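Participant: File structure_34.txt follows (compact mmCIF, C-alpha atoms and all ligand atoms):
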```
# COMPACT_ATOMS: atom_id res chain seq x y z
CA VAL A 83 103.18 97.79 79.27
CA ALA A 84 101.46 97.18 75.98
CA VAL A 85 101.22 99.12 72.81
CA LEU A 86 98.06 99.33 70.82
CA THR A 87 98.91 100.20 67.27
CA GLU A 88 96.48 101.31 64.69
CA GLU A 89 97.06 98.98 61.81
CA ARG A 90 97.47 100.89 58.61
CA TRP A 91 95.11 99.94 55.78
CA GLN A 92 95.76 96.27 55.11
CA PRO A 93 95.26 94.79 51.67
CA CYS A 94 93.04 91.70 51.81
CA ILE A 95 92.35 89.18 49.08
CA CYS A 96 89.52 86.66 49.18
CA PRO A 97 91.15 83.23 48.71
CA ARG A 98 88.09 81.94 46.81
CA CYS A 99 87.09 84.63 44.36
CA GLY A 100 90.17 86.86 44.43
CA THR A 101 88.19 90.00 45.37
CA ARG A 102 90.52 92.66 46.78
CA TRP A 103 89.64 95.16 49.50
CA ARG A 104 91.35 97.05 52.29
CA ARG A 105 90.74 96.68 56.01
CA LYS A 106 91.74 98.87 58.95
CA GLY A 107 92.30 97.41 62.38
CA SER A 108 94.38 97.59 65.50
CA ARG A 109 96.70 95.17 67.19
CA ALA A 110 98.37 94.98 70.58
CA ARG A 111 101.80 93.82 71.64
CA ARG A 112 102.85 93.54 75.24
CA SER A 113 105.96 93.57 77.35
CA PRO A 114 105.61 92.34 80.95
CA LEU A 115 107.76 94.17 83.52
CA PRO A 116 108.88 92.79 86.90
CA PRO A 117 106.54 93.56 89.82
CA GLY A 118 107.55 95.95 92.58
CA GLU A 119 108.56 99.54 93.21
CA ALA A 120 112.12 98.84 92.00
CA THR A 121 110.80 98.63 88.43
CA LYS A 122 109.77 102.31 88.62
CA GLY A 123 113.33 103.62 88.14
CA TRP A 124 115.82 104.54 85.42
CA ALA A 125 116.44 100.89 84.44
CA GLY A 126 112.73 100.11 84.12
CA LEU A 127 112.18 103.29 82.12
CA ASP A 128 115.07 102.46 79.80
CA ARG A 129 113.66 99.00 79.24
CA ALA A 130 110.12 100.26 78.56
CA VAL A 131 111.17 103.09 76.25
CA GLU A 132 113.57 100.96 74.21
CA TRP A 133 110.92 98.26 73.84
CA LEU A 134 108.38 100.84 72.68
CA LEU A 135 110.89 102.19 70.15
CA ASP A 136 111.54 98.63 68.97
CA GLN A 137 107.81 98.41 68.30
CA ARG A 138 108.11 101.55 66.14
CA VAL A 139 105.46 103.36 68.14
CA GLU A 140 104.03 106.37 66.37
CA ARG A 141 102.26 109.36 67.80
CA ARG A 142 98.78 108.03 66.99
CA ASP A 143 99.47 104.67 68.69
CA LEU A 144 98.50 104.15 72.31
CA VAL A 145 100.67 102.91 75.16
CA VAL A 146 98.57 100.83 77.57
CA ALA A 147 99.45 100.62 81.24
CA LEU A 148 97.85 97.45 82.56
CA GLY A 149 98.73 97.01 86.21
CA GLY A 150 99.09 98.87 89.49
CA GLY A 151 100.48 102.32 90.20
CA VAL A 152 104.04 101.27 89.43
CA ILE A 153 103.19 100.30 85.85
CA GLY A 154 100.83 103.28 85.42
CA ASP A 155 103.44 105.81 86.53
CA LEU A 156 106.24 104.19 84.52
CA ALA A 157 104.32 103.53 81.30
CA GLY A 158 102.68 106.97 81.49
CA PHE A 159 106.08 108.64 81.82
CA ALA A 160 107.52 106.54 78.99
CA ALA A 161 104.58 107.68 76.83
CA ALA A 162 105.12 111.30 77.90
CA ILE A 163 108.74 111.41 76.75
CA LEU A 164 108.54 109.09 73.75
CA ARG A 165 108.60 111.15 70.56
CA ARG A 166 107.75 114.13 72.80
CA GLY A 167 104.48 112.52 73.82
CA VAL A 168 102.34 109.67 72.60
CA GLY A 169 98.88 108.86 73.91
CA PHE A 170 98.38 106.38 76.71
CA VAL A 171 95.61 104.51 78.47
CA GLN A 172 95.37 103.44 82.09
CA ILE A 173 93.84 100.08 83.00
CA PRO A 174 94.44 100.07 86.77
CA THR A 175 94.30 96.67 88.48
CA THR A 176 94.93 97.58 92.14
CA LEU A 177 92.69 99.57 94.48
CA LEU A 178 95.40 102.18 94.88
CA ALA A 179 95.75 102.70 91.15
CA GLN A 180 91.97 102.79 90.67
CA VAL A 181 91.36 105.49 93.27
CA ASP A 182 94.51 107.50 92.81
CA SER A 183 97.49 106.93 90.57
CA ALA A 184 95.57 106.27 87.32
CA VAL A 185 93.62 109.52 87.70
CA GLY A 186 95.11 112.97 87.37
CA GLY A 187 97.97 112.65 84.91
CA LYS A 188 101.01 112.53 87.20
CA THR A 189 103.57 110.13 85.78
CA GLY A 190 107.16 109.47 86.77
CA ILE A 191 109.89 107.35 88.30
CA ASN A 192 111.94 107.22 91.49
CA THR A 193 115.67 107.89 91.78
CA ALA A 194 118.20 107.11 94.49
CA HIS A 195 117.33 110.58 95.86
CA GLY A 196 113.68 109.82 96.44
CA LYS A 197 110.23 108.99 95.13
CA ASN A 198 108.71 110.41 91.95
CA LEU A 199 111.46 113.00 91.57
CA ILE A 200 111.58 112.60 87.78
CA GLY A 201 108.28 112.90 85.98
CA ALA A 202 105.80 114.74 83.82
CA PHE A 203 102.15 115.65 83.76
CA HIS A 204 100.65 113.49 81.01
CA GLN A 205 96.93 112.80 81.04
CA PRO A 206 95.75 109.38 79.89
CA ALA A 207 93.40 109.34 76.91
CA TRP A 208 91.09 107.33 79.13
CA CYS A 209 91.13 105.26 82.27
CA SER A 210 89.22 102.04 82.64
CA PRO A 211 89.61 100.16 85.94
CA THR A 212 89.28 96.40 86.04
CA ARG A 213 86.05 95.47 87.83
CA ARG A 214 87.64 93.74 90.76
CA CYS A 215 91.08 93.29 92.18
CA SER A 216 92.84 89.99 92.14
CA THR A 217 92.26 87.65 95.04
CA ARG A 218 96.02 87.06 95.07
CA CYS A 219 97.96 89.07 97.62
CA ARG A 220 95.16 91.23 99.01
CA ARG A 221 97.72 93.31 100.87
CA ALA A 222 99.36 94.58 97.66
CA THR A 223 96.34 94.76 95.37
CA CYS A 224 93.73 96.01 97.79
CA CYS A 225 94.46 96.67 101.48
CA ALA A 226 97.44 98.97 100.95
CA GLY A 227 95.40 101.23 98.66
CA TYR A 228 92.87 101.78 101.43
CA GLY A 229 95.16 104.47 102.88
CA GLU A 230 94.51 106.59 99.78
CA VAL A 231 90.71 106.01 100.05
CA VAL A 232 90.70 107.17 103.68
CA LYS A 233 92.76 110.18 102.56
CA TYR A 234 89.85 111.48 100.44
CA GLY A 235 87.46 111.38 103.39
CA LEU A 236 89.98 113.15 105.60
CA LEU A 237 90.88 115.85 103.14
CA GLY A 238 87.43 116.95 102.09
CA ASP A 239 84.43 114.74 102.78
CA ALA A 240 83.54 113.89 106.38
CA ALA A 241 80.38 112.03 105.23
CA PHE A 242 82.50 109.75 103.02
CA PHE A 243 84.80 109.05 105.98
CA ALA A 244 81.75 108.10 108.07
CA TRP A 245 80.59 105.83 105.21
CA LEU A 246 84.03 104.17 105.24
CA GLU A 247 83.80 103.65 109.00
CA ALA A 248 80.60 101.68 108.39
CA ASN A 249 81.61 99.88 105.19
CA GLY A 250 85.42 99.67 105.20
CA PRO A 251 85.78 96.01 106.21
CA ALA A 252 83.45 94.91 103.39
CA LEU A 253 85.58 96.69 100.78
CA ALA A 254 88.63 94.53 101.45
CA ALA A 255 86.48 91.44 100.99
CA GLY A 256 85.61 92.49 97.45
CA ASP A 257 82.04 93.60 98.25
CA PRO A 258 80.22 95.53 95.48
CA ARG A 259 80.16 98.60 97.78
CA ARG A 260 83.77 98.93 96.78
CA GLY A 261 82.48 100.47 93.52
CA HIS A 262 81.10 103.40 95.51
CA ALA A 263 84.44 103.93 97.25
CA VAL A 264 86.32 103.93 93.93
CA ARG A 265 83.77 106.26 92.28
CA ARG A 266 83.70 108.78 95.16
CA SER A 267 87.52 108.80 95.38
CA CYS A 268 87.85 109.38 91.64
CA GLU A 269 85.18 112.11 91.69
CA MET A 270 87.05 113.94 94.43
CA LYS A 271 90.42 113.59 92.73
CA ALA A 272 89.09 114.53 89.28
CA GLY A 273 87.33 117.61 90.71
CA ILE A 274 90.52 118.84 92.40
CA VAL A 275 92.71 118.09 89.35
CA ALA A 276 90.25 119.86 87.02
CA ARG A 277 90.59 123.00 89.16
CA ASP A 278 94.38 122.80 89.58
CA GLU A 279 96.03 120.37 87.17
CA THR A 280 99.66 121.37 87.71
CA GLU A 281 99.49 121.72 91.50
CA THR A 282 99.81 125.45 91.97
CA GLY A 283 97.34 125.36 94.87
CA GLU A 284 94.47 123.07 95.80
CA ARG A 285 95.96 119.89 94.26
CA ALA A 286 98.56 119.88 97.03
CA LEU A 287 95.76 118.67 99.34
CA LEU A 288 96.00 115.28 97.62
CA ASN A 289 99.43 114.93 99.20
CA LEU A 290 97.86 114.54 102.63
CA GLY A 291 99.89 111.88 104.47
CA HIS A 292 102.54 111.76 101.74
CA THR A 293 105.34 113.85 103.24
CA PHE A 294 105.55 111.46 106.18
CA GLY A 295 104.67 108.46 104.00
CA HIS A 296 107.38 109.10 101.38
CA ALA A 297 110.04 109.53 104.09
CA LEU A 298 109.02 106.20 105.64
CA GLU A 299 109.05 104.53 102.21
CA ALA A 300 112.58 105.85 101.59
CA ALA A 301 113.61 104.70 105.08
CA THR A 302 112.42 101.18 104.26
CA GLY A 303 114.20 101.16 100.91
CA TYR A 304 110.92 101.09 98.88
CA SER A 305 110.69 97.45 99.86
CA ASP A 306 107.65 95.39 100.74
CA ARG A 307 108.24 96.25 104.39
CA LEU A 308 106.01 99.22 103.65
CA LEU A 309 103.81 99.65 100.58
CA HIS A 310 102.98 103.12 99.31
CA GLY A 311 99.37 103.17 100.52
CA GLU A 312 100.41 101.88 103.94
CA GLY A 313 102.87 104.77 104.24
CA VAL A 314 100.04 107.15 103.31
CA ALA A 315 97.76 105.67 106.01
CA ILE A 316 100.48 106.15 108.65
CA GLY A 317 101.17 109.64 107.26
CA CYS A 318 97.48 110.57 107.45
CA ALA A 319 97.30 109.49 111.09
CA LEU A 320 100.42 111.60 111.83
CA ALA A 321 98.99 114.59 109.93
CA LEU A 322 96.07 114.67 112.37
CA ARG A 323 98.37 115.37 115.29
CA PRO A 324 98.31 118.94 116.64
CA LEU A 325 101.45 120.21 114.92
CA ARG A 326 100.24 123.79 115.07
CA PRO A 327 99.27 124.73 118.60
CA ALA A 328 97.33 127.70 117.20
CA ARG A 329 94.83 125.29 115.62
CA PRO A 330 94.15 122.55 118.13
CA LEU A 331 92.36 119.55 116.68
CA PRO A 332 88.95 118.58 117.99
CA ALA A 333 89.60 115.78 120.44
CA GLY A 334 87.66 113.08 118.60
CA GLY A 335 89.16 113.40 115.08
CA ALA A 336 92.58 111.82 115.44
CA GLY A 337 91.24 109.04 117.66
CA ARG A 338 88.49 108.17 115.16
CA VAL A 339 90.98 107.85 112.31
CA ARG A 340 93.38 105.68 114.28
CA ALA A 341 90.51 103.53 115.57
CA HIS A 342 89.13 103.06 112.05
CA LEU A 343 92.51 102.03 110.60
CA ALA A 344 93.11 99.71 113.56
CA ALA A 345 89.66 98.13 113.33
CA ASP A 346 90.35 97.12 109.73
CA GLY A 347 93.87 95.90 110.57
CA HIS A 348 95.66 98.65 108.61
CA ALA A 349 99.07 100.04 109.50
CA ARG A 350 98.62 103.36 111.31
CA ARG A 351 101.83 104.01 113.29
CA PRO A 352 105.54 103.74 112.49
CA VAL A 353 105.58 100.94 115.06
CA ASP A 354 103.51 98.85 112.64
CA ILE A 355 106.44 98.77 110.17
CA PRO A 356 108.63 95.68 110.64
CA GLY A 357 112.38 96.19 111.16
CA ASP A 358 114.48 99.19 112.12
CA LEU A 359 113.74 102.79 111.19
CA PRO A 360 116.01 105.86 111.30
CA ASP A 361 115.63 108.28 114.23
CA ALA A 362 113.71 111.58 113.98
CA ASP A 363 116.73 113.41 112.48
CA GLY A 364 117.11 110.70 109.86
CA LEU A 365 113.45 110.94 108.87
CA LEU A 366 113.65 114.74 108.73
CA ALA A 367 116.62 114.46 106.35
CA LEU A 368 114.57 112.17 104.10
CA MET A 369 111.66 114.62 104.19
CA ALA A 370 113.95 117.40 102.98
CA GLN A 371 114.10 115.60 99.59
CA ASP A 372 110.34 115.94 99.19
CA LYS A 373 109.11 117.54 95.94
CA LYS A 374 107.04 119.95 97.99
CA VAL A 375 110.13 121.69 99.41
CA GLN A 376 110.15 125.40 98.50
CA ASP A 377 113.00 127.73 99.51
CA GLY A 378 114.21 124.91 101.72
CA MET A 379 110.85 124.87 103.58
CA LEU A 380 108.55 121.87 103.62
CA THR A 381 104.92 122.22 102.68
CA PHE A 382 102.59 120.21 104.90
CA ILE A 383 99.02 119.13 104.48
CA LEU A 384 97.40 118.98 107.87
CA THR A 385 93.82 118.53 109.02
CA ARG A 386 91.73 120.71 111.31
CA ASP A 387 89.16 117.97 111.56
CA ILE A 388 87.94 115.05 109.49
CA GLY A 389 87.12 116.46 106.04
CA GLU A 390 89.02 119.71 106.58
CA ALA A 391 92.57 119.61 105.25
CA PHE A 392 94.70 122.70 104.68
CA VAL A 393 98.13 123.48 103.25
CA THR A 394 100.72 125.12 105.47
CA ARG A 395 104.43 125.86 105.53
CA ASP A 396 104.15 127.10 109.05
CA VAL A 397 105.28 124.01 110.98
CA PRO A 398 108.07 124.73 113.46
CA ALA A 399 110.97 122.30 113.01
CA SER A 400 110.97 121.66 116.77
CA ALA A 401 107.29 120.58 116.71
CA LEU A 402 107.97 118.27 113.78
CA HIS A 403 111.01 116.76 115.47
CA ALA A 404 109.03 116.19 118.67
CA LEU A 405 106.16 114.55 116.77
CA LEU A 406 108.49 112.14 114.95
CA ALA A 407 110.52 111.36 118.08
CA GLU A 408 107.31 110.56 119.98
CA ALA A 409 105.94 108.38 117.14
CA LEU A 410 109.23 106.48 116.86
CA ALA A 411 109.65 106.11 120.62
CA ALA A 412 106.46 104.05 120.73
CA ARG A 413 108.46 101.21 119.13
N1 LIG B 501 100.66 109.10 89.80
C1 LIG B 501 100.03 109.33 90.93
O1 LIG B 501 99.28 110.30 91.07
C2 LIG B 501 100.19 108.35 92.06
C3 LIG B 501 99.31 108.40 93.16
C4 LIG B 501 99.44 107.42 94.15
C5 LIG B 501 100.43 106.46 94.07
N2 LIG B 501 101.27 106.45 92.99
C6 LIG B 501 102.31 105.42 92.86
O2 LIG B 501 101.67 104.14 92.75
C7 LIG B 501 102.60 103.14 93.17
C8 LIG B 501 101.90 102.12 94.05
O3 LIG B 501 100.88 101.49 93.30
P1 LIG B 501 100.24 100.08 93.75
O4 LIG B 501 99.89 100.14 95.18
O5 LIG B 501 99.20 99.77 92.76
O6 LIG B 501 101.48 99.08 93.70
P2 LIG B 501 102.05 98.15 92.52
O7 LIG B 501 101.85 98.74 91.20
O8 LIG B 501 103.44 97.80 92.93
O9 LIG B 501 101.13 96.86 92.63
C9 LIG B 501 101.15 96.09 93.84
C10 LIG B 501 101.45 94.62 93.52
O10 LIG B 501 100.28 94.04 92.99
C11 LIG B 501 100.59 93.31 91.82
N3 LIG B 501 99.38 93.35 91.01
C12 LIG B 501 98.85 94.41 90.39
N4 LIG B 501 97.66 94.08 89.83
C13 LIG B 501 97.47 92.77 90.09
C14 LIG B 501 96.44 91.85 89.79
N5 LIG B 501 95.35 92.24 89.13
N6 LIG B 501 96.60 90.59 90.21
C15 LIG B 501 97.66 90.18 90.92
N7 LIG B 501 98.66 91.02 91.26
C16 LIG B 501 98.57 92.29 90.85
C17 LIG B 501 101.79 94.01 91.25
O11 LIG B 501 102.53 93.17 90.41
C18 LIG B 501 102.55 94.39 92.51
O12 LIG B 501 103.32 93.29 92.96
C19 LIG B 501 103.71 103.86 93.89
O13 LIG B 501 104.85 103.87 93.07
C20 LIG B 501 103.18 105.29 94.07
O14 LIG B 501 104.21 106.25 94.09
C21 LIG B 501 101.18 107.38 92.00
ZN ZN B 502 99.82 108.29 97.07
```
What would the structure in this file look like if it were written as structure tokens?
Facilitator:
Amino acid sequence: VAVLTEERWQPCICPRCGTRWRRKGSRARRSPLPPGEATKGWAGLDRAVEWLLDQRVERRDLVVALGGGVIGDLAGFAAAILRRGVGFVQIPTTLLAQVDSAVGGKTGINTAHGKNLIGAFHQPAWCSPTRRCSTRCRRATCCAGYGEVVKYGLLGDAAFFAWLEANGPALAAGDPRRGHAVRRSCEMKAGIVARDETETGERALLNLGHTFGHALEAATGYSDRLLHGEGVAIGCALALRPLRPARPLPAGGAGRVRAHLAADGHARRPVDIPGDLPDADGLLALMAQDKKVQDGMLTFILTRDIGEAFVTRDVPASALHALLAEALAAR
């Protein structure tokens, strides 16, 4: 987290001739935060907010979130609540943050009860992704975010999914085609957010894969056993299963998605998560904490086919239980 402060008019004196004038400028101060999902909690927020107050941040200053989705969500939320809202800027450095978390204005932190349960809508003044991700830890800075990229193809653009099938492996290797994937993902997200900023309807589609994914993240203690984007990839593959018998999926869709994730070596099934997981009842209990619960009913984003996602609350508990039990039994 950094803060960019507009320097008030500074008096300057020429050391040679003594001429006086005034100059306006800006300066930045920074506060590194520990890496990892655990930083995105009450303690991390306390630390960020108190540091920003120590810096005497004013409303016209800018909080800069330089990092992945953890830093973007945390710094954005700190900016949202500081002095009832100061401006902030996103400089996303991971693929996930570039295609998803830095766009759209959702900010927040996790609590012991679940992910992103405390937060605010706070749009960044601007968002400027770094040109390429680090070559260090490709899994965390690049591969995991691929789950969110695939999500955009699945939820609304079959042609983009087909493009990913052809070009996906090159993206992980830092190929320039990655720019197209980031641009198309951001276009899709920005279009949906512009039509429904506060998620009263269409924006819910962006949660494709997340109800399952968040439950798996909670089950693994938000540890590096499962990164957010990996949970989303597994969740997307599960969301293609025929949960509603009234709308059977075309045979090819689910297989294509699983084959694509497998071909690129991405996690796609709960069995790909190392270590123990709760049983189907345990995962259902974790899902009940989801933000999308209304009147005690879960909202699901499912897909009729690649590129055709829809929102439904009409998923029988028995079908859900059977789906989870089957997915977990494969272990
Ligand atoms: N606000 C939203 O709309 C939204 C959407 C999707 C995900 N998210 C959130 O985003 C978070 C996940 O984001 P993430 O996948 O970017 O994880 P992350 O922020 O934890 O970053 C992954 C790892 O990469 C490291 N890293 C980041 N940039 C680096 C660089 N340039 N060089 C070397 N290392 C670097 C980080 O220190 C961290 O260890 C989750 O908390 C998720 O809930 C939010
Ligand atoms: Zn996500």
Participant: Determine, for each residue of chain A having at least one atom at most 7 Å from an atom of ligand LIG 501 (chain B), the closest pair of atoms and their separation in Å to one decimal, counting only C-alpha atoms and all ligand atoms; order by chain and ascending number, as JSON lines.
Facilitator:
```
{"residue": "A:Pro117", "atom": "CA", "partner": "B:LIG501", "partner_atom": "O11", "distance": 4.1}
{"residue": "A:Gly118", "atom": "CA", "partner": "B:LIG501", "partner_atom": "O8", "distance": 4.5}
{"residue": "A:Glu119", "atom": "CA", "partner": "B:LIG501", "partner_atom": "O8", "distance": 5.4}
{"residue": "A:Lys122", "atom": "CA", "partner": "B:LIG501", "partner_atom": "O13", "distance": 6.8}
{"residue": "A:Gly149", "atom": "CA", "partner": "B:LIG501", "partner_atom": "N4", "distance": 4.8}
{"residue": "A:Gly150", "atom": "CA", "partner": "B:LIG501", "partner_atom": "O7", "distance": 3.2}
{"residue": "A:Gly151", "atom": "CA", "partner": "B:LIG501", "partner_atom": "O3", "distance": 3.2}
{"residue": "A:Val152", "atom": "CA", "partner": "B:LIG501", "partner_atom": "O7", "distance": 3.8}
{"residue": "A:Ile153", "atom": "CA", "partner": "B:LIG501", "partner_atom": "O7", "distance": 5.7}
{"residue": "A:Asp155", "atom": "CA", "partner": "B:LIG501", "partner_atom": "N1", "distance": 5.4}
{"residue": "A:Thr175", "atom": "CA", "partner": "B:LIG501", "partner_atom": "N4", "distance": 4.5}
{"residue": "A:Thr176", "atom": "CA", "partner": "B:LIG501", "partner_atom": "O5", "distance": 4.8}
{"residue": "A:Leu177", "atom": "CA", "partner": "B:LIG501", "partner_atom": "O5", "distance": 6.7}
{"residue": "A:Leu178", "atom": "CA", "partner": "B:LIG501", "partner_atom": "O4", "distance": 4.9}
{"residue": "A:Ala179", "atom": "CA", "partner": "B:LIG501", "partner_atom": "O5", "distance": 4.8}
{"residue": "A:Asp182", "atom": "CA", "partner": "B:LIG501", "partner_atom": "C3", "distance": 4.9}
{"residue": "A:Ser183", "atom": "CA", "partner": "B:LIG501", "partner_atom": "C2", "distance": 3.4}
{"residue": "A:Ala184", "atom": "CA", "partner": "B:LIG501", "partner_atom": "N1", "distance": 6.3}
{"residue": "A:Val185", "atom": "CA", "partner": "B:LIG501", "partner_atom": "O1", "distance": 6.6}
{"residue": "A:Gly186", "atom": "CA", "partner": "B:LIG501", "partner_atom": "O1", "distance": 6.2}
{"residue": "A:Gly187", "atom": "CA", "partner": "B:LIG501", "partner_atom": "N1", "distance": 6.6}
{"residue": "A:Lys188", "atom": "CA", "partner": "B:LIG501", "partner_atom": "N1", "distance": 4.3}
{"residue": "A:Thr189", "atom": "CA", "partner": "B:LIG501", "partner_atom": "N1", "distance": 5.1}
{"residue": "A:Lys197", "atom": "CA", "partner": "B:LIG501", "partner_atom": "O14", "distance": 6.7}
{"residue": "A:Asn198", "atom": "CA", "partner": "B:LIG501", "partner_atom": "O14", "distance": 6.5}
{"residue": "A:Cys215", "atom": "CA", "partner": "B:LIG501", "partner_atom": "N5", "distance": 5.4}
{"residue": "A:Ser216", "atom": "CA", "partner": "B:LIG501", "partner_atom": "N6", "distance": 4.3}
{"residue": "A:Arg218", "atom": "CA", "partner": "B:LIG501", "partner_atom": "C15", "distance": 5.4}
{"residue": "A:Cys219", "atom": "CA", "partner": "B:LIG501", "partner_atom": "N7", "distance": 6.7}
{"residue": "A:Ala222", "atom": "CA", "partner": "B:LIG501", "partner_atom": "C9", "distance": 4.5}
{"residue": "A:Thr223", "atom": "CA", "partner": "B:LIG501", "partner_atom": "O10", "distance": 4.7}
{"residue": "A:Ala226", "atom": "CA", "partner": "B:LIG501", "partner_atom": "O4", "distance": 6.4}
{"residue": "A:Gly227", "atom": "CA", "partner": "B:LIG501", "partner_atom": "O4", "distance": 5.8}
{"residue": "A:Leu309", "atom": "CA", "partner": "B:LIG501", "partner_atom": "O4", "distance": 6.7}
{"residue": "A:His310", "atom": "CA", "partner": "B:LIG501", "partner_atom": "C8", "distance": 5.5}
{"residue": "A:Gly311", "atom": "CA", "partner": "B:LIG501", "partner_atom": "O4", "distance": 6.2}
```
Participant: Tell me which of A:Phe294, A:Ile200, A:Glu299, A:Val83 sits closest to A:Leu402, counting only C-alpha atoms.
Facilitator: A:Phe294
Participant: Can you tell me how far atom CA of A:Ile274 sits from atom CA of A:Ala286, in Å to one decimal?
Facilitator: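 Going from atom CA of A:Ile274 over to atom CA of A:Ala286, I get 9.3 Å.
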Participant: To one decimal place in Å, what is the distance between atom CA of A:Arg386 and atom CA of A:Leu322?
Facilitator: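 Distance between the two atoms: 7.5 Å.
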Participant: Could you tell me which of A:Thr101, A:Ser267, A:Ser210, A:Thr121 comes closest to A:Val146 if we count all atoms listed in the file?
Facilitator: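 Of A:Thr101, A:Ser267, A:Ser210, A:Thr121, the one nearest A:Val146, counting all atoms listed in the file, is A:Ser210.
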Participant: Under the rule that all atoms listed in the file are counted, which of A:Cys94, A:Ala315, A:Leu237, A:Val275 is the nearest residue to ligand ZN 502 (chain B)?
Facilitator: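 Once distances to ligand ZN 502 (chain B) are computed over all atoms listed in the file, the minimum belongs to A:Ala315.
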Participant: Just the residues within 8 Å of stretch 165-174 of chain A, please, counting only C-alpha atoms, with nothing from its chain fewer than 6 positions along; format it as a compact mmCIF listing (two decimals) with C-alpha atoms, in the frame of the given file.
Facilitator:
```txt
# COMPACT_ATOMS: atom_id res chain seq x y z
CA GLU A 140 104.03 106.37 66.37
CA ARG A 141 102.26 109.36 67.80
CA ARG A 142 98.78 108.03 66.99
CA ASP A 143 99.47 104.67 68.69
CA LEU A 144 98.50 104.15 72.31
CA VAL A 145 100.67 102.91 75.16
CA VAL A 146 98.57 100.83 77.57
CA ALA A 147 99.45 100.62 81.24
CA LEU A 148 97.85 97.45 82.56
CA GLY A 149 98.73 97.01 86.21
CA GLY A 150 99.09 98.87 89.49
CA GLY A 151 100.48 102.32 90.20
CA GLY A 154 100.83 103.28 85.42
CA GLY A 158 102.68 106.97 81.49
CA GLN A 180 91.97 102.79 90.67
CA ALA A 184 95.57 106.27 87.32
CA GLN A 205 96.93 112.80 81.04
CA PRO A 206 95.75 109.38 79.89
CA ALA A 207 93.40 109.34 76.91
CA TRP A 208 91.09 107.33 79.13
CA CYS A 209 91.13 105.26 82.27
CA SER A 210 89.22 102.04 82.64
CA PRO A 211 89.61 100.16 85.94
CA THR A 212 89.28 96.40 86.04
```
Participant: Restricting the calculation to all atoms listed in the file: of A:Gly347, A:Gly229, A:Pro360, A:Gly303, which residue gets closest to ligand ZN 502 (chain B)?
Facilitator: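 Using all atoms listed in the file, the shortest distance to ligand ZN 502 (chain B) belongs to A:Gly229.
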Participant: With N, CA, C and O atoms as the goal, would you fill in the gaps in stretch 202-212 of chain A and present it as a PDB file, in the coordinates of the input?
Facilitator:
```
ATOM      1  N   ALA A 202     106.480 113.773  84.700  1.00  0.00           N
ATOM      2  CA  ALA A 202     105.800 114.740  83.820  1.00  0.00           C
ATOM      3  C   ALA A 202     104.305 114.634  84.070  1.00  0.00           C
ATOM      4  O   ALA A 202     103.807 113.585  84.490  1.00  0.00           O
ATOM      5  N   PHE A 203     103.605 115.733  83.790  1.00  0.00           N
ATOM      6  CA  PHE A 203     102.150 115.650  83.760  1.00  0.00           C
ATOM      7  C   PHE A 203     101.765 115.149  82.382  1.00  0.00           C
ATOM      8  O   PHE A 203     102.164 115.745  81.369  1.00  0.00           O
ATOM      9  N   HIS A 204     101.060 114.048  82.316  1.00  0.00           N
ATOM     10  CA  HIS A 204     100.650 113.490  81.010  1.00  0.00           C
ATOM     11  C   HIS A 204      99.326 112.762  81.237  1.00  0.00           C
ATOM     12  O   HIS A 204      99.303 111.708  81.862  1.00  0.00           O
ATOM     13  N   GLN A 205      98.254 113.382  80.766  1.00  0.00           N
ATOM     14  CA  GLN A 205      96.930 112.800  81.040  1.00  0.00           C
ATOM     15  C   GLN A 205      96.667 111.593  80.157  1.00  0.00           C
ATOM     16  O   GLN A 205      96.943 111.633  78.963  1.00  0.00           O
ATOM     17  N   PRO A 206      96.130 110.521  80.735  1.00  0.00           N
ATOM     18  CA  PRO A 206      95.750 109.380  79.890  1.00  0.00           C
ATOM     19  C   PRO A 206      94.572 109.748  78.991  1.00  0.00           C
ATOM     20  O   PRO A 206      93.745 110.585  79.355  1.00  0.00           O
ATOM     21  N   ALA A 207      94.519 109.104  77.814  1.00  0.00           N
ATOM     22  CA  ALA A 207      93.400 109.340  76.910  1.00  0.00           C
ATOM     23  C   ALA A 207      92.110 108.864  77.574  1.00  0.00           C
ATOM     24  O   ALA A 207      91.060 109.465  77.430  1.00  0.00           O
ATOM     25  N   TRP A 208      92.197 107.777  78.292  1.00  0.00           N
ATOM     26  CA  TRP A 208      91.090 107.330  79.130  1.00  0.00           C
ATOM     27  C   TRP A 208      91.615 106.388  80.183  1.00  0.00           C
ATOM     28  O   TRP A 208      92.756 105.923  80.110  1.00  0.00           O
ATOM     29  N   CYS A 209      90.742 106.115  81.156  1.00  0.00           N
ATOM     30  CA  CYS A 209      91.130 105.260  82.270  1.00  0.00           C
ATOM     31  C   CYS A 209      89.983 104.295  82.505  1.00  0.00           C
ATOM     32  O   CYS A 209      88.836 104.706  82.602  1.00  0.00           O
ATOM     33  N   SER A 210      90.284 103.031  82.557  1.00  0.00           N
ATOM     34  CA  SER A 210      89.220 102.040  82.640  1.00  0.00           C
ATOM     35  C   SER A 210      89.615 100.969  83.646  1.00  0.00           C
ATOM     36  O   SER A 210      90.352 100.046  83.326  1.00  0.00           O
ATOM     37  N   PRO A 211      89.173 101.114  84.913  1.00  0.00           N
ATOM     38  CA  PRO A 211      89.610 100.160  85.940  1.00  0.00           C
ATOM     39  C   PRO A 211      89.050  98.766  85.696  1.00  0.00           C
ATOM     40  O   PRO A 211      87.946  98.621  85.175  1.00  0.00           O
ATOM     41  N   THR A 212      89.825  97.758  86.076  1.00  0.00           N
ATOM     42  CA  THR A 212      89.280  96.400  86.040  1.00  0.00           C
ATOM     43  C   THR A 212      88.194  96.336  87.118  1.00  0.00           C
ATOM     44  O   THR A 212      88.250  97.053  88.110  1.00  0.00           O
TER      45      THR A 212
END
```
